Amino acid sequence: MIIATLLFLAAAAAQPADLVVRNGTVVTMDSGRRVIARGAVAVNAGRIAAVGTEAEVDARFRGKEVLDAAGGIVIPGFVNAHGHAAMVLFRGVADDLKLMEWLQGYIFPAEKNNVTAEFVRAGTRLATLEMIRSGTTTFVDMYYFEDQVAEACKEAGMRGVLGSTLIEFPAPDNKTIPDALAYAERFLEKWADDPLVVPAVAPHSTYLASPETLKAARALADRHRAPILVHLSESPDEQKTVRERYGRTPTEQLQQLGVLRRGVLGAHGIWLSPSDRKILKEAGVGVAHCPQSNMKLSSGTAAVREMLAEGVRLGLGTDGAASNNDLDMFEEMLTAALLAKHASGDPTVAPAAAVLEMATMGGARALGMEDRIGSLEEGKRADLVVVGLDEPRLHPLYDVVSHLVYVAKGADVRHVVVEGRTIMRDRRVLTLDEKAVIAEADRLRDQVRRSLAR
């Protein structure tokens, strides 16, 4: 009787919460890397209000909405640290080619003939649908018509760090660098302080953005306190070109121009020298490792063992689906772990815990956003994913972190929450009309095919 009375009083004292996720193993990715069996997460006003055992959370909060993890695994949403979302519409257009041949012979012409504002919006819708269904809650994008990317991101209910591209040839959206800079500034102003969209500046690279453009990008980012996204040391050709032009590595070129500091994210980082890595570490620059794209284009193998050991801010990205060819971060984690072991000849390199960190807190740190996303901690944005354990391959389960990296697939994701809002429940995306999104993508496939046949 006394116990029943105490339980009743505790329930009566509990505060209302917008959402409580319960009945799962919670992998927090906090500083203590807590894994809480029979755990729960309470959410209020888009932020995490509590993380703990079910008993602890139930004593404090009563959920207006309850999401049953059904014995699955609750994790922070993945941070896809590099990509070009709308390029899903070029998935499979050209495969099995070297990077420069792939870009100059197929991708650039396909973009010239097809990329419009409407094309980008349709492609981003398809990409966000794919990412939600495989557990990504934040994605980094650098492309064209970035306003349409932002609008599609908001429509899907995802979080995006989105950069308007600056490139030295006439792009689909802006034909000159002055036009591109003006567009980028309008984009930064329009999306400033948005709860989901973080606007960024995206000079393409040190070989396709001039020193003047790179300095202008830095000044623009400084005025608006915005991140900078840039391709960095992706191929031997890039290294050769930049060294011939400027007598420096791409990293040294960015340092010389005053571009590097916290909030800069360099994509790929395959050909970084030891001195390059030291420069990036000291400047607080992030690196987005994209193993599947790098392997497919045979661009090289990033020095993951060294970057992890040296404390470089290392995240994980898929790159665009034209060179991956999917946006599944579970596949990217598995590839990152196996490639690092294979390349180093050391099976202890890139253990499961380190790779899961790259896909969550690592990506957040690479973006300078570790105070907001990347882990399940009180006060952070409520971005989380529930991974189901329905499939036979997920049993028996001894170590949840090992299973997440080496066994789980994107199709195992059951529920997705971003900013406290449930955007996928029981594998059904609640924010997008899936059939309509796919039908539009198939219609545009026919358009792309015709354009390449000319």
# chains A, B, ... in the order shown; residues from 1 in each chain; ligands from 1
>>> select_by_dssp(residues="region 116-311 of chain A", states="helix (DSSP H, G or I)", output="PyMOL selection string")
chain A and resi 117-133+146-156+177-191+211-224+236-246+250-256+274-283+291-296+304-310
>>> residues_around(residues="Ala122 (chain A)", least_positions_apart="5", cutoff="12 Å", atoms="only C-alpha atoms", output="ChimeraX atom specification")
/A:85-89,115-117,127-129,145,148-149,151-153,155-156,432-434,436-445
>>> closest_residue(among="A:Val418, A:Leu397, A:Ala110, A:Leu334", to="Thr25 (chain A)", atoms="only C-alpha atoms")
A:Leu397
>>> closest_residue(among="A:Ala202, A:Ala192, A:Pro236, A:Met369", to="Gly263 (chain A)", atoms="only C-alpha atoms")
A:Met369
>>> closest_residue(among="A:Leu356, A:Met295, A:Ile177, A:Leu265", to="Arg313 (chain A)", atoms="only C-alpha atoms")
A:Leu265
>>> closest_residue(among="A:Arg428, A:Arg159, A:Tyr406, A:Thr206", to="Arg245 (chain A)", atoms="only C-alpha atoms")
A:Thr206
>>> residues_around(residues="Val161 (chain A)", least_positions_apart="3", cutoff="6 Å", atoms="only C-alpha atoms", output="PDB file with N, CA, C and O atoms, in the first residue's frame")
ATOM      1  N   VAL A 140      24.945  17.825 -44.311  1.00  0.00           N
ATOM      2  CA  VAL A 140      25.720  18.957 -44.819  1.00  0.00           C
ATOM      3  C   VAL A 140      25.612  18.929 -46.335  1.00  0.00           C
ATOM      4  O   VAL A 140      25.782  17.886 -46.962  1.00  0.00           O
ATOM      5  N   VAL A 198      21.104  25.782 -40.974  1.00  0.00           N
ATOM      6  CA  VAL A 198      22.297  26.559 -40.664  1.00  0.00           C
ATOM      7  C   VAL A 198      22.915  26.965 -41.995  1.00  0.00           C
ATOM      8  O   VAL A 198      23.505  26.135 -42.693  1.00  0.00           O
ATOM      9  N   PRO A 199      22.794  28.231 -42.409  1.00  0.00           N
ATOM     10  CA  PRO A 199      23.338  28.638 -43.708  1.00  0.00           C
ATOM     11  C   PRO A 199      24.856  28.756 -43.655  1.00  0.00           C
ATOM     12  O   PRO A 199      25.426  29.203 -42.657  1.00  0.00           O
TER      13      PRO A 199
END
>>> residues_around(residues="Trp191 (chain A)", least_positions_apart="4", cutoff="12 Å", atoms="only C-alpha atoms", output="list of chain:residue names")
A:Glu146, A:Asp147, A:Gln148, A:Val149, A:Ala150, A:Glu151, A:Cys153, A:Lys154, A:Gly160, A:Val161, A:Leu162, A:Gly163, A:Ser164, A:Ala184, A:Glu185, A:Arg186, A:Phe187, A:Pro195, A:Leu196, A:Val197, A:Val198, A:Pro199, A:Ala200, A:His224, A:Ala226
>>> select_by_dssp(residues="region 256-308 of chain A", states="strand (DSSP E or B)", output="list in words")
Val264, Leu265, Gly266, Ala267, His268, Gly286, Val287, Ala288 and His289 of chain A
>>> write_last_selection(atoms="N, CA and C atoms", output="CSV table (one decimal), in the first residue's frame")
chain,number,residue,atom,x,y,z
A,264,VAL,N,35.2,25.7,-40.2
A,264,VAL,CA,35.5,25.3,-41.5
A,264,VAL,C,35.5,23.8,-41.6
A,265,LEU,N,34.8,23.2,-42.6
A,265,LEU,CA,34.7,21.8,-42.8
A,265,LEU,C,35.3,21.4,-44.1
A,266,GLY,N,36.4,20.7,-44.1
A,266,GLY,CA,37.0,20.2,-45.4
A,266,GLY,C,36.5,18.8,-45.7
A,267,ALA,N,36.0,18.6,-46.9
A,267,ALA,CA,35.5,17.3,-47.3
A,267,ALA,C,36.6,16.5,-47.9
A,268,HIS,N,36.6,15.3,-47.5
A,268,HIS,CA,37.5,14.2,-48.0
A,268,HIS,C,38.8,14.1,-47.2
A,286,GLY,N,37.3,21.0,-39.2
A,286,GLY,CA,36.8,19.7,-39.3
A,286,GLY,C,37.1,19.0,-40.7
A,287,VAL,N,37.2,17.7,-40.7
A,287,VAL,CA,37.3,16.9,-41.9
A,287,VAL,C,36.2,15.9,-42.0
A,288,ALA,N,35.6,15.8,-43.2
A,288,ALA,CA,34.5,14.9,-43.4
A,288,ALA,C,35.1,13.7,-44.3
A,289,HIS,N,35.2,12.6,-43.6
A,289,HIS,CA,35.7,11.4,-44.3
A,289,HIS,C,34.6,10.7,-45.1
